[in-house]
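Notes follow once the structure below has been shown.
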Protein chains: 2
Amino acid sequence: MMVVERIREVRQRVREARTQGRRIGFVPTMGALHAGHVSLIRAARADGGFVVVSIFVNPAQFDDGRDLEAYPRPLEDDLEVCTREGVDLVFAPKREEMCPDGPKTTVRVPGMSETMCGAFRPGHFDGVCTVVAKLFAIVQPDVAYFGEKDAQQLAIVRRMAADLNLPVEVRGCPLIRDTDGLATSSRNVYLSDQDRRRALALSRALLEARDAVVGGERDAGKLADAVRRQLADAEGVETEYVAVVDPDTLDDLECVAENVLVAAAVRVGTTRLIDNVLLRDLGERGGGG
Amino acid sequence: MMVVERIREVRQRVREARTQGRRIGFVPTMGALHAGHVSLIRAARADGGFVVVSIFVNPAQFDDGRDLEAYPRPLEDDLEVCTREGVDLVFAPKREEMCPDGPKTTVRVPGMSETMCGAFRPGHFDGVCTVVAKLFAIVQPDVAYFGEKDAQQLAIVRRMAADLNLPVEVRGCPLIRDTDGLATSSRNVYLSDQDRRRALALSRALLEARDAVVGGERDAGKLADAVRRQLADAEGVETEYVAVVDPDTLDDLECVAENVLVAAAVRVGTTRLIDNVLLRDLGERGGGG
């Protein structure tokens, strides 16, 4: 496995792989790799291409300087994971390599970036879009793999890639849960045992919403209210938002039709957690209610 | 010469050229091709690559709907020019191909986009950056050629390409003047004979500023004042701005050192005209004052 810090060297390695007729699969990460990331790497591996993983804690997507400083950076562990999973190339740039004198140019998807998490993290998705546009330009992947855990990010990055005609397929991969139901996240390490138990209210409420939709519930307001109620009843859990939206446009739904994303963000202690359930092609399943 | 309307077909043709080992030279235009555009095409031809010219009147960079409607679109003439100049591929997309349901994603370079012309054309450079980012992603050129006539646009596009790590060299080509001194522009066709005579005050004032710099003048304020005074004295010429700036950052200069851009915008009748003089590497010429 190659580990490189320089943009120039990434381009060189990718060009070599392409010359050998290989397609490029790309998994952009902020490191602190967990089972969710591993699932993305495995999806890329399964597609048979040259697999590039980037590890870069992007300052532009943090609205809180302390959060940025505290964000876990276990590079050695991450490289072990990448080696074990058969990654071909890790791009782990220093901050100066990615933002030489602070990025001036900004890529943004208005509207979609201001709802849900965007309402609580001003500028966050602009930072995401800008760094992903940069990484796409550096790696020039054929396929990029993003977790459905960050459903809003996935929708926004997809929209950006389509709007800007970027020659990359943005592929979503299923959210991965720990055995207790908690969605895997690099931030879970912040949770005390008690907070982790409390946090389970989030996945419980969302999984019940999923069951309700599967059972035929089509009233978005009722779905959202049920999740909100459960979170309100949970001790030590403070709700930021509960949204029932179209997973591609992030528009609020009144009535669930083909596709639905039920997403929520909470704070447990000082840790912010997000989770969601995503259902597609409901019409074909013949659910009604 | 191939003329295509579809993004998919551009990608296909460019891929074929690349497979033949050719580099891709790209001249993005809004059509109404004049001697300035021809100089860009010739620069691209001289570099020996596969030359792609795009012709697309980008709605997103017009702040005035009437200006957009009135903008000249002599496609047949333009294709003749391209054929004569040995262009390999013309990409002339319909509006729906470039903006299927209105572009949501925006690329912007804050700061540089709000000064000079940006102060008078709100949103203009965001529209430019977004469409150029799209065209770069579609054509994937090795080198893109831009006129120094649009000096602010060139500086902003360069900054965008650098910030977003786009794998393209943005090359500036000298401004082209008609024999009477007027900078070539697609908008010159709007000028009546009288307005055209009046418009010459703009190039005269700027060329005198250039002579002053060459003669040793280093006081940016004096240079700007002299241009402003000349334009104020010219009949039928209304000044929008006169700027003496660093040509790469567009920061105002107090004192001219290595590089300087003296740029101005005026209105003559209903026509908006811009012009500039650009001097680089002044230190090496040994000018002082």
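Ordered as shown in the structure tokens, chains take letters A, B, and onward, while each chain numbers its residues from 1 and ligands are numbered from 1 in the order shown.
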Practice task
Compile the contact shell of Pro247 of chain A as JSON, numbers by chain: residues with an atom at most 10 Å away, counting only C-alpha atoms, same-chain residues fewer than 2 positions apart removed.
Solution key: {"A": [148, 151, 152, 154, 155, 244, 245, 249, 250, 251, 252, 253, 259, 260, 261, 262, 263, 278, 279, 280]}
Please produce a file of the residues just selected, as a short mmCIF file (atom, residue, chain, number, x, y, z; two decimals), in the first residue's frame, where the atoms kept are N, CA and C atoms.
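Contents of the output file out_37.cif:
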data_model
loop_
_atom_site.label_atom_id
_atom_site.label_comp_id
_atom_site.auth_asym_id
_atom_site.auth_seq_id
_atom_site.Cartn_x
_atom_site.Cartn_y
_atom_site.Cartn_z
N GLU A 148 -24.40 6.36 3.64
CA GLU A 148 -25.76 6.90 3.79
C GLU A 148 -26.00 7.40 5.21
N ALA A 151 -26.54 11.29 5.30
CA ALA A 151 -27.47 11.29 4.17
C ALA A 151 -27.56 12.66 3.51
N GLN A 152 -27.50 13.70 4.32
CA GLN A 152 -27.58 15.05 3.75
C GLN A 152 -26.33 15.35 2.94
N LEU A 154 -24.45 13.19 1.46
CA LEU A 154 -24.52 12.39 0.24
C LEU A 154 -25.41 13.07 -0.80
N ALA A 155 -26.56 13.56 -0.37
CA ALA A 155 -27.48 14.21 -1.32
C ALA A 155 -26.84 15.47 -1.91
N VAL A 244 -38.39 14.59 7.95
CA VAL A 244 -38.91 13.54 7.06
C VAL A 244 -38.91 14.15 5.66
N VAL A 245 -37.96 13.72 4.84
CA VAL A 245 -37.68 14.46 3.60
C VAL A 245 -37.47 13.50 2.42
N THR A 249 -33.70 15.45 -2.83
CA THR A 249 -33.82 16.91 -2.84
C THR A 249 -33.75 17.50 -1.44
N LEU A 250 -33.97 16.66 -0.42
CA LEU A 250 -34.09 17.07 0.98
C LEU A 250 -35.30 17.96 1.23
N ASP A 251 -36.22 18.00 0.26
CA ASP A 251 -37.47 18.74 0.48
C ASP A 251 -38.32 18.01 1.52
N ASP A 252 -38.95 18.80 2.40
CA ASP A 252 -39.86 18.22 3.40
C ASP A 252 -40.99 17.48 2.69
N LEU A 253 -41.34 16.35 3.24
CA LEU A 253 -42.48 15.60 2.71
C LEU A 253 -43.70 15.83 3.59
N ASN A 259 -39.82 7.48 -2.01
CA ASN A 259 -38.57 7.45 -1.25
C ASN A 259 -38.71 8.35 -0.03
N VAL A 260 -38.13 7.93 1.05
CA VAL A 260 -38.19 8.78 2.24
C VAL A 260 -36.92 8.61 3.07
N LEU A 261 -36.49 9.73 3.61
CA LEU A 261 -35.39 9.76 4.57
C LEU A 261 -35.95 10.34 5.86
N VAL A 262 -35.85 9.57 6.93
CA VAL A 262 -36.21 10.09 8.25
C VAL A 262 -34.89 10.26 8.98
N ALA A 263 -34.56 11.51 9.28
CA ALA A 263 -33.23 11.81 9.84
C ALA A 263 -33.39 12.65 11.09
N LEU A 278 -33.48 5.19 5.75
CA LEU A 278 -33.71 5.55 4.35
C LEU A 278 -34.49 4.42 3.71
N LEU A 279 -35.61 4.75 3.08
CA LEU A 279 -36.39 3.73 2.36
C LEU A 279 -36.63 4.22 0.95
N ARG A 280 -36.37 3.35 -0.01
CA ARG A 280 -36.58 3.70 -1.43
C ARG A 280 -37.55 2.74 -2.09
#
Which residues are near Glu76 of chain B? Cut-off 12 Å, only C-alpha atoms, ignore same chain within fewer than 5 positions. Put them as a compact mmCIF listing (two decimals) with C-alpha atoms, in the first residue's frame.
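Below is the file that was written, part35.txt:
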# COMPACT_ATOMS: atom_id res chain seq x y z
CA VAL B 3 -19.80 20.43 -34.00
CA GLY B 31 -19.66 33.16 -29.44
CA ALA B 32 -19.80 36.34 -31.54
CA LEU B 33 -16.19 35.53 -32.25
CA ILE B 55 -19.90 28.53 -27.71
CA VAL B 81 -14.38 31.25 -38.11
CA CYS B 82 -13.71 28.01 -36.25
CA THR B 83 -13.45 26.01 -39.47
CA VAL B 90 -16.94 23.00 -31.36
CA ALA B 92 -22.31 24.47 -28.81
Near segment 166-171 of chain A, counting only C-alpha atoms, which residues have an atom at most 6 Å away, once you skip same-chain residues fewer than 3 positions from it, shown as a tab-separated table (two decimals) with N, CA and C atoms, in the first residue's frame?
chain	number	residue	atom	x	y	z
A	142	ASP	N	-13.41	7.34	-10.82
A	142	ASP	CA	-14.59	6.97	-11.59
A	142	ASP	C	-15.81	6.85	-10.68
A	143	VAL	N	-15.59	6.28	-9.49
A	143	VAL	CA	-16.67	6.13	-8.52
A	143	VAL	C	-16.17	6.62	-7.16
A	144	ALA	N	-17.00	7.38	-6.47
A	144	ALA	CA	-16.68	7.79	-5.10
A	144	ALA	C	-17.75	7.24	-4.18
A	145	TYR	N	-17.33	6.73	-3.03
A	145	TYR	CA	-18.21	6.02	-2.11
A	145	TYR	C	-18.46	6.85	-0.87
A	158	ARG	N	-23.91	14.59	-4.29
A	158	ARG	CA	-24.48	14.09	-5.55
A	158	ARG	C	-24.97	15.24	-6.43
A	161	ALA	N	-22.00	17.17	-7.82
A	161	ALA	CA	-21.33	16.46	-8.91
A	161	ALA	C	-22.17	16.54	-10.19
B	137	ALA	N	-14.95	20.55	-16.39
B	137	ALA	CA	-15.26	19.16	-16.04
B	137	ALA	C	-15.73	18.38	-17.26
Handout entry: chain B contacts on chain A, only C-alpha atoms, 7 Å, as an NGL selection string
Key = :A and (103-110 or 133-134 or 137-138 or 160 or 163-167)
Exercise for the section: Per DSSP on the backbone, filter segment 57-148 of chain B down to the residues in strand (DSSP E or B) and report them as a list of chain:residue names. Expected result: B:Leu89, B:Val90, B:Phe91, B:Thr106, B:Val107, B:Arg108, B:Val143, B:Ala144, B:Tyr145, B:Phe146, B:Gly147
Export of the given selection (C-alpha atoms) as a PDB file, in the first residue's frame:
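The file below, again_39.pdb, is the result:
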ATOM      1  CA  LEU B  89     -14.278  20.392 -32.043  1.00  0.00           C
ATOM      2  CA  VAL B  90     -16.944  23.004 -31.357  1.00  0.00           C
ATOM      3  CA  PHE B  91     -19.165  22.389 -28.350  1.00  0.00           C
ATOM      4  CA  THR B 106     -22.414  27.706  -7.288  1.00  0.00           C
ATOM      5  CA  VAL B 107     -18.662  28.155  -7.442  1.00  0.00           C
ATOM      6  CA  ARG B 108     -17.433  31.480  -6.190  1.00  0.00           C
ATOM      7  CA  VAL B 143      -4.672  24.121 -21.146  1.00  0.00           C
ATOM      8  CA  ALA B 144      -7.489  26.686 -21.254  1.00  0.00           C
ATOM      9  CA  TYR B 145      -6.989  30.020 -23.008  1.00  0.00           C
ATOM     10  CA  PHE B 146      -8.493  33.241 -21.710  1.00  0.00           C
ATOM     11  CA  GLY B 147      -8.083  36.790 -22.965  1.00  0.00           C
TER      12      GLY B 147
END
Can you give me chain B superposed onto chain A, least-squares on all Cα in order, written as a short mmCIF file (atom, residue, chain, number, x, y, z; two decimals) with C-alpha atoms, in the first residue's frame?
data_model
loop_
_atom_site.label_atom_id
_atom_site.label_comp_id
_atom_site.auth_asym_id
_atom_site.auth_seq_id
_atom_site.Cartn_x
_atom_site.Cartn_y
_atom_site.Cartn_z
CA MET B 1 -0.01 0.00 0.00
CA MET B 2 1.27 3.44 -0.92
CA VAL B 3 0.85 6.33 1.51
CA VAL B 4 1.41 9.77 0.00
CA GLU B 5 1.12 13.32 1.25
CA ARG B 6 1.54 15.21 -1.99
CA ILE B 7 -1.11 16.04 -4.58
CA ARG B 8 1.44 15.66 -7.36
CA GLU B 9 2.22 12.13 -6.24
CA VAL B 10 -1.45 11.13 -6.02
CA ARG B 11 -1.94 12.30 -9.60
CA GLN B 12 1.11 10.33 -10.69
CA ARG B 13 0.00 7.10 -8.99
CA VAL B 14 -3.56 7.41 -10.27
CA ARG B 15 -2.27 8.05 -13.78
CA GLU B 16 -0.16 4.89 -13.58
CA ALA B 17 -3.15 2.85 -12.41
CA ARG B 18 -5.25 4.26 -15.21
CA THR B 19 -2.56 3.42 -17.76
CA GLN B 20 -2.85 -0.16 -16.54
CA GLY B 21 -6.52 0.03 -17.48
CA ARG B 22 -7.79 0.18 -13.92
CA ARG B 23 -10.79 2.19 -12.81
CA ILE B 24 -10.35 4.43 -9.78
CA GLY B 25 -12.52 3.94 -6.69
CA PHE B 26 -12.30 6.65 -4.06
CA VAL B 27 -13.28 6.76 -0.39
CA PRO B 28 -12.83 10.25 1.08
CA THR B 29 -12.59 10.22 4.89
CA MET B 30 -11.53 12.33 7.84
CA GLY B 31 -9.79 9.27 9.32
CA ALA B 32 -10.69 7.66 12.65
CA LEU B 33 -11.84 4.80 10.49
CA HIS B 34 -14.65 2.60 11.80
CA ALA B 35 -16.87 -0.17 10.48
CA GLY B 36 -18.76 2.33 8.34
CA HIS B 37 -15.60 3.38 6.51
CA VAL B 38 -14.54 -0.25 6.17
CA SER B 39 -17.84 -0.99 4.43
CA LEU B 40 -17.09 1.79 1.92
CA ILE B 41 -13.59 0.45 1.28
CA ARG B 42 -15.01 -3.04 0.78
CA ALA B 43 -17.59 -1.70 -1.67
CA ALA B 44 -14.78 -0.05 -3.62
CA ARG B 45 -12.70 -3.24 -3.50
CA ALA B 46 -15.67 -5.29 -4.66
CA ASP B 47 -15.89 -3.09 -7.77
CA GLY B 48 -12.38 -4.21 -8.64
CA GLY B 49 -10.75 -0.83 -9.19
CA PHE B 50 -7.65 0.86 -7.83
CA VAL B 51 -8.81 1.95 -4.37
CA VAL B 52 -7.79 5.36 -3.06
CA VAL B 53 -8.63 6.43 0.51
CA SER B 54 -8.04 10.02 1.57
CA ILE B 55 -7.55 10.90 5.22
CA PHE B 56 -7.89 14.61 5.81
CA VAL B 57 -9.55 16.43 8.68
CA ASN B 58 -10.94 19.33 6.70
CA PRO B 59 -10.86 22.56 8.73
CA ALA B 60 -13.39 24.24 6.44
CA GLN B 61 -16.22 21.94 7.51
CA PHE B 62 -15.83 22.59 11.24
CA ASP B 63 -17.82 25.49 12.55
CA ASP B 64 -16.34 24.99 16.01
CA GLY B 65 -12.57 25.29 16.51
CA ARG B 66 -12.60 23.09 19.62
CA ASP B 67 -14.43 20.35 17.74
CA LEU B 68 -11.74 20.56 15.04
CA GLU B 69 -8.91 20.35 17.57
CA ALA B 70 -10.52 17.48 19.47
CA TYR B 71 -11.39 15.44 16.38
CA PRO B 72 -9.62 12.04 16.65
CA ARG B 73 -6.60 11.53 14.37
CA PRO B 74 -5.34 7.97 14.93
CA LEU B 75 -3.32 7.85 11.70
CA GLU B 76 -1.33 4.69 12.53
CA ASP B 77 -4.51 2.73 13.31
CA ASP B 78 -6.12 4.07 10.16
CA LEU B 79 -3.22 2.94 8.00
CA GLU B 80 -3.42 -0.50 9.57
CA VAL B 81 -7.10 -0.69 8.66
CA CYS B 82 -6.33 0.40 5.11
CA THR B 83 -3.53 -2.14 4.74
CA ARG B 84 -5.74 -4.92 6.08
CA GLU B 85 -8.58 -3.94 3.74
CA GLY B 86 -6.37 -3.98 0.65
CA VAL B 87 -6.42 -0.26 -0.11
CA ASP B 88 -4.01 0.61 -2.94
CA LEU B 89 -3.24 4.22 -2.10
CA VAL B 90 -3.78 6.39 0.97
CA PHE B 91 -3.67 10.14 0.42
CA ALA B 92 -3.00 11.76 3.79
CA PRO B 93 -2.12 15.37 3.02
CA LYS B 94 -0.93 17.92 5.52
CA ARG B 95 -3.15 20.93 5.95
CA GLU B 96 -0.78 23.17 3.96
CA GLU B 97 -1.02 20.85 0.98
CA MET B 98 -4.80 21.15 0.79
CA CYS B 99 -5.22 24.77 1.92
CA PRO B 100 -1.93 26.52 1.08
CA ASP B 101 -3.06 30.02 2.01
CA GLY B 102 -6.61 29.30 3.02
CA PRO B 103 -9.08 28.31 0.32
CA LYS B 104 -10.73 31.32 -1.25
CA THR B 105 -12.91 29.56 -3.75
CA THR B 106 -16.06 28.06 -2.33
CA VAL B 107 -18.40 25.49 -3.83
CA ARG B 108 -21.88 25.53 -2.43
CA VAL B 109 -25.26 24.02 -2.99
CA PRO B 110 -27.69 26.63 -1.67
CA GLY B 111 -30.93 25.49 -0.08
CA MET B 112 -29.98 21.89 0.58
CA SER B 113 -27.01 23.10 2.63
CA GLU B 114 -29.08 25.21 5.01
CA THR B 115 -31.66 22.70 6.18
CA MET B 116 -31.35 19.87 8.73
CA CYS B 117 -27.71 19.74 9.96
CA GLY B 118 -26.95 22.85 7.92
CA ALA B 119 -29.23 24.92 10.14
CA PHE B 120 -27.12 23.97 13.16
CA ARG B 121 -23.69 23.99 11.48
CA PRO B 122 -23.46 27.17 9.40
CA GLY B 123 -20.96 26.82 6.55
CA HIS B 124 -20.41 23.12 7.22
CA PHE B 125 -21.66 21.83 3.88
CA ASP B 126 -19.86 24.59 1.94
CA GLY B 127 -16.70 23.26 3.54
CA VAL B 128 -17.66 19.71 2.62
CA CYS B 129 -18.49 20.59 -1.00
CA THR B 130 -15.33 22.59 -1.47
CA VAL B 131 -13.00 19.91 -0.12
CA VAL B 132 -14.82 17.13 -1.98
CA ALA B 133 -14.57 19.13 -5.22
CA LYS B 134 -10.85 19.51 -4.55
CA LEU B 135 -10.39 15.82 -3.76
CA PHE B 136 -12.34 14.81 -6.86
CA ALA B 137 -10.10 17.05 -8.97
CA ILE B 138 -6.98 15.55 -7.38
CA VAL B 139 -7.96 11.87 -7.44
CA GLN B 140 -10.25 12.00 -10.50
CA PRO B 141 -12.11 8.87 -9.46
CA ASP B 142 -14.60 6.95 -11.58
CA VAL B 143 -16.67 6.12 -8.51
CA ALA B 144 -16.68 7.79 -5.08
CA TYR B 145 -18.22 6.02 -2.09
CA PHE B 146 -20.12 7.87 0.60
CA GLY B 147 -22.00 6.53 3.61
CA GLU B 148 -25.76 6.92 3.79
CA LYS B 149 -25.16 7.68 7.47
CA ASP B 150 -24.36 11.22 6.33
CA ALA B 151 -27.48 11.29 4.18
CA GLN B 152 -27.58 15.05 3.76
CA GLN B 153 -23.92 15.15 2.79
CA LEU B 154 -24.51 12.39 0.25
CA ALA B 155 -27.48 14.21 -1.30
CA ILE B 156 -25.54 17.48 -1.49
CA VAL B 157 -22.38 15.92 -2.94
CA ARG B 158 -24.48 14.09 -5.53
CA ARG B 159 -26.19 17.30 -6.49
CA MET B 160 -22.86 19.12 -6.70
CA ALA B 161 -21.33 16.45 -8.91
CA ALA B 162 -24.36 16.50 -11.21
CA ASP B 163 -24.60 20.30 -11.37
CA LEU B 164 -20.89 20.71 -12.08
CA ASN B 165 -20.83 17.81 -14.58
CA LEU B 166 -18.05 16.14 -12.62
CA PRO B 167 -17.11 12.88 -14.34
CA VAL B 168 -17.64 10.77 -11.22
CA GLU B 169 -20.36 8.47 -9.99
CA VAL B 170 -21.28 9.26 -6.38
CA ARG B 171 -22.37 6.00 -4.79
CA GLY B 172 -24.18 5.75 -1.45
CA CYS B 173 -23.48 2.78 0.84
CA PRO B 174 -25.72 1.60 3.68
CA LEU B 175 -25.37 2.95 7.18
CA ILE B 176 -23.62 0.51 9.51
CA ARG B 177 -24.86 -0.02 13.07
CA ASP B 178 -23.04 -1.47 16.04
CA THR B 179 -24.70 -4.53 17.61
CA ASP B 180 -26.56 -2.29 20.06
CA GLY B 181 -28.07 -0.31 17.17
CA LEU B 182 -25.93 2.84 17.43
CA ALA B 183 -24.86 4.15 14.02
CA THR B 184 -21.08 3.92 13.66
CA SER B 185 -19.42 7.32 13.87
CA SER B 186 -15.96 8.66 14.60
CA ARG B 187 -17.58 10.73 17.33
CA ASN B 188 -18.90 7.70 19.25
CA VAL B 189 -15.55 7.45 21.09
CA TYR B 190 -16.55 10.63 22.93
CA LEU B 191 -19.51 8.87 24.57
CA SER B 192 -19.30 7.67 28.17
CA ASP B 193 -20.95 4.31 28.89
CA GLN B 194 -23.96 6.11 30.30
CA ASP B 195 -24.20 8.49 27.34
CA ARG B 196 -23.92 5.60 24.93
CA ARG B 197 -26.88 3.86 26.59
CA ARG B 198 -28.82 7.11 26.42
CA ALA B 199 -27.86 7.63 22.77
CA LEU B 200 -29.61 4.40 21.81
CA ALA B 201 -32.92 6.26 22.02
CA LEU B 202 -31.98 7.84 18.68
CA SER B 203 -31.61 4.63 16.68
CA ARG B 204 -34.60 3.09 18.48
CA ALA B 205 -36.86 5.98 17.53
CA LEU B 206 -35.70 5.97 13.92
CA LEU B 207 -35.94 2.20 13.52
CA GLU B 208 -39.49 2.39 14.82
CA ALA B 209 -40.20 5.08 12.22
CA ARG B 210 -38.84 2.72 9.60
CA ASP B 211 -41.10 -0.07 10.86
CA ALA B 212 -44.05 2.31 10.75
CA VAL B 213 -43.33 3.19 7.09
CA VAL B 214 -42.89 -0.46 6.20
CA GLY B 215 -46.16 -1.09 8.01
CA GLY B 216 -47.89 1.43 5.77
CA GLU B 217 -47.66 4.80 7.53
CA ARG B 218 -47.50 7.54 4.89
CA ASP B 219 -48.17 10.64 6.97
CA ALA B 220 -44.83 12.42 7.31
CA GLY B 221 -46.07 14.61 10.14
CA LYS B 222 -47.12 11.61 12.21
CA LEU B 223 -43.79 9.91 11.59
CA ALA B 224 -41.83 12.97 12.66
CA ASP B 225 -44.01 13.54 15.72
CA ALA B 226 -43.52 9.97 16.90
CA VAL B 227 -39.73 10.29 16.64
CA ARG B 228 -39.76 13.67 18.37
CA ARG B 229 -41.92 12.34 21.20
CA GLN B 230 -39.63 9.38 21.80
CA LEU B 231 -36.56 11.58 21.84
CA ALA B 232 -38.24 14.08 24.17
CA ASP B 233 -39.00 11.23 26.58
CA ALA B 234 -35.40 9.96 26.53
CA GLU B 235 -33.26 11.08 29.46
CA GLY B 236 -30.16 13.11 28.64
CA VAL B 237 -31.04 13.43 24.95
CA GLU B 238 -31.55 16.88 23.47
CA THR B 239 -33.11 16.95 20.00
CA GLU B 240 -31.74 19.29 17.34
CA TYR B 241 -34.10 18.30 14.56
CA VAL B 242 -36.21 15.50 13.18
CA ALA B 243 -36.81 15.63 9.42
CA VAL B 244 -38.91 13.54 7.06
CA VAL B 245 -37.68 14.46 3.60
CA ASP B 246 -37.09 13.38 0.04
CA PRO B 247 -33.62 11.77 0.20
CA ASP B 248 -32.48 13.35 -3.08
CA THR B 249 -33.81 16.90 -2.83
CA LEU B 250 -34.08 17.08 0.99
CA ASP B 251 -37.47 18.75 0.49
CA ASP B 252 -39.85 18.22 3.40
CA LEU B 253 -42.48 15.60 2.70
CA GLU B 254 -46.09 15.81 3.73
CA CYS B 255 -46.88 12.39 2.46
CA VAL B 256 -44.39 9.55 1.96
CA ALA B 257 -44.48 8.28 -1.62
CA GLU B 258 -41.57 6.50 -3.36
CA ASN B 259 -38.57 7.46 -1.26
CA VAL B 260 -38.19 8.79 2.23
CA LEU B 261 -35.39 9.78 4.57
CA VAL B 262 -36.22 10.09 8.25
CA ALA B 263 -33.24 11.82 9.84
CA ALA B 264 -32.50 13.28 13.23
CA ALA B 265 -29.71 14.94 15.16
CA VAL B 266 -29.38 14.99 18.92
CA ARG B 267 -26.94 15.97 21.59
CA VAL B 268 -26.07 13.50 24.31
CA GLY B 269 -23.93 15.24 26.85
CA THR B 270 -21.55 17.29 24.73
CA THR B 271 -21.59 14.88 21.80
CA ARG B 272 -23.60 15.58 18.68
CA LEU B 273 -24.98 12.48 16.98
CA ILE B 274 -26.90 12.01 13.74
CA ASP B 275 -28.76 8.98 12.46
CA ASN B 276 -31.37 8.17 9.85
CA VAL B 277 -33.41 5.53 8.12
CA LEU B 278 -33.72 5.56 4.35
CA LEU B 279 -36.39 3.75 2.36
CA ARG B 280 -36.59 3.71 -1.42
CA ASP B 281 -39.00 2.38 -4.02
CA LEU B 282 -41.86 2.15 -1.55
CA GLY B 283 -44.39 2.27 -4.36
CA GLU B 284 -43.06 -1.01 -5.72
CA ARG B 285 -43.40 -2.69 -2.35
CA GLY B 286 -47.10 -2.01 -2.43
CA GLY B 287 -47.23 -0.34 0.99
CA GLY B 288 -50.27 1.86 1.52
CA GLY B 289 -51.97 3.49 4.45
#
Practice task
Write down as a PyMOL selection string the residues of segment 64-249 of chain B whose backbone DSSP state falls under alpha helix (DSSP H).
Solution key: chain B and resi 65-70+75-84+95-98+117-120+124-139+151-163+193-214+220-233
